[in-house]
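Scroll down for the structure; my scribbles are underneath it.
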Amino acid sequence: MSQNKTLIAYESKQGATKEAAEILAETLRIKYGLDVDLVNLKKQDASDLGRYRNVIVGTGVRGGKIYGAALKFLKSGLDGKRVAFFTSSSWGGTPGSYENAKARFVDKTTAKYPEITFVSSEAFGGRIRYFGKTMLDNTDPAKVTTWAEVLGKKFIQ
């Protein structure tokens, strides 16, 4: 296992979580020199965790529920890893709803996995599309970059 090997495993349906994962990866690579792999949990296998010291799990929210592939991944033997978790949802980027989104989607989810040591967790804004048309986009790339910097400092220790 490389000290600087980091996995970002995500599930995205409207693209906001994928975009956040890409921003995280780019920031961790460029600013902290970390070796980062991106894995789309719906399309790729992420079962070989032995080579990773750091794992970031990202997921979207639809209908008030965390996506299933991300929940399944959290059960895949992450104990002993430095794990970070984030969600993307319209609530996470709506002023006045952020705290509710973090409590409902992030804190409630991470509490279900006491065997995992979460070094950090965050809720970001998301995107809502109907019939291919974007109805709401409250993503915030700057907030994702700021969180990546927090993670980078933790991951290089």
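All residue names refer to the structure tokens as shown: chains lettered A, B, ... in order, residues numbered from 1 in each chain, ligands numbered from 1 in order.
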As a ChimeraX atom specification, which residues of segment 28-87 of chain A does DSSP assign to strand (DSSP E or B)? /A:35-40,54-62,65-66,82-87
Would you put the residues from that selection into a file with N, CA and C atoms, as a PDB file, in the first residue's frame?
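Contents of the output file result.pdb:
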ATOM      1  N   ASP A  35      -1.302  10.141  -5.419  1.00  0.00           N
ATOM      2  CA  ASP A  35      -1.628   9.236  -6.525  1.00  0.00           C
ATOM      3  C   ASP A  35      -3.093   8.864  -6.336  1.00  0.00           C
ATOM      4  N   VAL A  36      -3.966   9.311  -7.236  1.00  0.00           N
ATOM      5  CA  VAL A  36      -5.416   9.174  -7.067  1.00  0.00           C
ATOM      6  C   VAL A  36      -6.024   8.370  -8.208  1.00  0.00           C
ATOM      7  N   ASP A  37      -6.847   7.380  -7.847  1.00  0.00           N
ATOM      8  CA  ASP A  37      -7.648   6.634  -8.814  1.00  0.00           C
ATOM      9  C   ASP A  37      -9.111   7.005  -8.627  1.00  0.00           C
ATOM     10  N   LEU A  38      -9.809   7.229  -9.726  1.00  0.00           N
ATOM     11  CA  LEU A  38     -11.250   7.506  -9.726  1.00  0.00           C
ATOM     12  C   LEU A  38     -11.982   6.267 -10.204  1.00  0.00           C
ATOM     13  N   VAL A  39     -13.018   5.857  -9.466  1.00  0.00           N
ATOM     14  CA  VAL A  39     -13.799   4.683  -9.840  1.00  0.00           C
ATOM     15  C   VAL A  39     -15.280   5.024  -9.776  1.00  0.00           C
ATOM     16  N   ASN A  40     -15.962   4.844 -10.897  1.00  0.00           N
ATOM     17  CA  ASN A  40     -17.411   4.987 -10.954  1.00  0.00           C
ATOM     18  C   ASN A  40     -18.001   3.654 -10.493  1.00  0.00           C
ATOM     19  N   ASN A  54      -6.004   5.835   1.582  1.00  0.00           N
ATOM     20  CA  ASN A  54      -7.057   6.843   1.695  1.00  0.00           C
ATOM     21  C   ASN A  54      -8.187   6.500   0.736  1.00  0.00           C
ATOM     22  N   VAL A  55      -9.416   6.624   1.207  1.00  0.00           N
ATOM     23  CA  VAL A  55     -10.574   6.342   0.374  1.00  0.00           C
ATOM     24  C   VAL A  55     -11.607   7.450   0.570  1.00  0.00           C
ATOM     25  N   ILE A  56     -12.064   7.996  -0.546  1.00  0.00           N
ATOM     26  CA  ILE A  56     -13.148   8.980  -0.520  1.00  0.00           C
ATOM     27  C   ILE A  56     -14.340   8.333  -1.214  1.00  0.00           C
ATOM     28  N   VAL A  57     -15.484   8.356  -0.548  1.00  0.00           N
ATOM     29  CA  VAL A  57     -16.706   7.786  -1.107  1.00  0.00           C
ATOM     30  C   VAL A  57     -17.681   8.933  -1.342  1.00  0.00           C
ATOM     31  N   GLY A  58     -18.169   9.032  -2.571  1.00  0.00           N
ATOM     32  CA  GLY A  58     -19.111  10.085  -2.924  1.00  0.00           C
ATOM     33  C   GLY A  58     -20.362   9.514  -3.547  1.00  0.00           C
ATOM     34  N   THR A  59     -21.474  10.143  -3.255  1.00  0.00           N
ATOM     35  CA  THR A  59     -22.751   9.658  -3.771  1.00  0.00           C
ATOM     36  C   THR A  59     -23.747  10.793  -3.923  1.00  0.00           C
ATOM     37  N   GLY A  60     -24.655  10.582  -4.822  1.00  0.00           N
ATOM     38  CA  GLY A  60     -25.767  11.501  -4.956  1.00  0.00           C
ATOM     39  C   GLY A  60     -26.922  11.060  -4.075  1.00  0.00           C
ATOM     40  N   VAL A  61     -27.955  11.871  -4.101  1.00  0.00           N
ATOM     41  CA  VAL A  61     -29.170  11.609  -3.331  1.00  0.00           C
ATOM     42  C   VAL A  61     -30.342  11.794  -4.284  1.00  0.00           C
ATOM     43  N   ARG A  62     -31.251  10.864  -4.258  1.00  0.00           N
ATOM     44  CA  ARG A  62     -32.464  11.000  -5.076  1.00  0.00           C
ATOM     45  C   ARG A  62     -33.648  10.537  -4.241  1.00  0.00           C
ATOM     46  N   LYS A  65     -32.897   9.571  -0.669  1.00  0.00           N
ATOM     47  CA  LYS A  65     -32.136   8.353  -0.371  1.00  0.00           C
ATOM     48  C   LYS A  65     -30.762   8.396  -1.026  1.00  0.00           C
ATOM     49  N   ILE A  66     -29.781   7.893  -0.279  1.00  0.00           N
ATOM     50  CA  ILE A  66     -28.412   7.741  -0.780  1.00  0.00           C
ATOM     51  C   ILE A  66     -28.421   6.629  -1.820  1.00  0.00           C
ATOM     52  N   ARG A  82      -8.176   5.507   5.909  1.00  0.00           N
ATOM     53  CA  ARG A  82      -8.619   6.874   6.221  1.00  0.00           C
ATOM     54  C   ARG A  82      -9.694   7.190   5.200  1.00  0.00           C
ATOM     55  N   VAL A  83     -10.929   7.306   5.677  1.00  0.00           N
ATOM     56  CA  VAL A  83     -12.092   7.408   4.790  1.00  0.00           C
ATOM     57  C   VAL A  83     -12.752   8.774   4.930  1.00  0.00           C
ATOM     58  N   ALA A  84     -13.115   9.333   3.800  1.00  0.00           N
ATOM     59  CA  ALA A  84     -13.906  10.568   3.750  1.00  0.00           C
ATOM     60  C   ALA A  84     -15.173  10.254   2.957  1.00  0.00           C
ATOM     61  N   PHE A  85     -16.255  10.944   3.280  1.00  0.00           N
ATOM     62  CA  PHE A  85     -17.543  10.670   2.658  1.00  0.00           C
ATOM     63  C   PHE A  85     -18.210  11.987   2.292  1.00  0.00           C
ATOM     64  N   PHE A  86     -18.811  12.023   1.096  1.00  0.00           N
ATOM     65  CA  PHE A  86     -19.567  13.214   0.710  1.00  0.00           C
ATOM     66  C   PHE A  86     -20.804  12.833  -0.093  1.00  0.00           C
ATOM     67  N   THR A  87     -21.775  13.745  -0.046  1.00  0.00           N
ATOM     68  CA  THR A  87     -22.984  13.600  -0.847  1.00  0.00           C
ATOM     69  C   THR A  87     -23.159  14.854  -1.711  1.00  0.00           C
TER      70      THR A  87
END
Give me, as a PyMOL selection string, all polymer residues having an atom no more than 12 Å from segment 97-112 of chain A, counting only C-alpha atoms and skipping those fewer than 2 positions away in the same chain. chain A and resi 57-68+70-72+74-75+83-95+114-126+138
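Taking atom CA of Arg53 of chain A and atom CA of Leu41 of chain A as endpoints, the distance between them is 18.4 Å.
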Between atom CA of Leu151 of chain A and atom CA of Phe73 of chain A, what is the spacing in Å?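 Value for the atom CA of Phe73 of chain A-atom CA of Leu151 of chain A distance: 19.9 Å.
Near segment 140-147 of chain A, within 7 Å and counting only C-alpha atoms, sit Ala20, Ile23, Leu24, Thr27, Gly125, Val150 and Leu151 of chain A; same-chain residues fewer than 3 positions away were not included.
Considering the residues A:Leu34, A:Ala25, A:Leu49, A:Leu7 and counting only C-alpha atoms, Leu78 of chain A has its shortest atom-to-atom contact with A:Leu49.
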Between atom CA of Lys5 of chain A and atom CA of Glu19 of chain A - distance in Å to one decimal: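 Between atom CA of Glu19 of chain A and atom CA of Lys5 of chain A the gap is 20.3 Å.
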Helix (DSSP H, G or I) residues, from DSSP on the backbone, in segment 15-132 of chain A, as a PyMOL selection string: chain A and resi 16-32+68-73+91-93+98-111
For Glu26 of chain A, the nearest of the candidates A:Met135, A:Ile156, A:Ala148, A:Ala9, counting only C-alpha atoms: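 Looking at the shortest contact to Glu26 of chain A, the residue is A:Ala148.
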Compare A:Tyr10, A:Tyr113, A:Tyr52, A:Tyr32 by their minimum atom-to-atom distance to Ala69 of chain A, counting only C-alpha atoms, and give me the closest one.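 Ranking A:Tyr10, A:Tyr113, A:Tyr52, A:Tyr32 by distance to Ala69 of chain A, first place goes to A:Tyr10.
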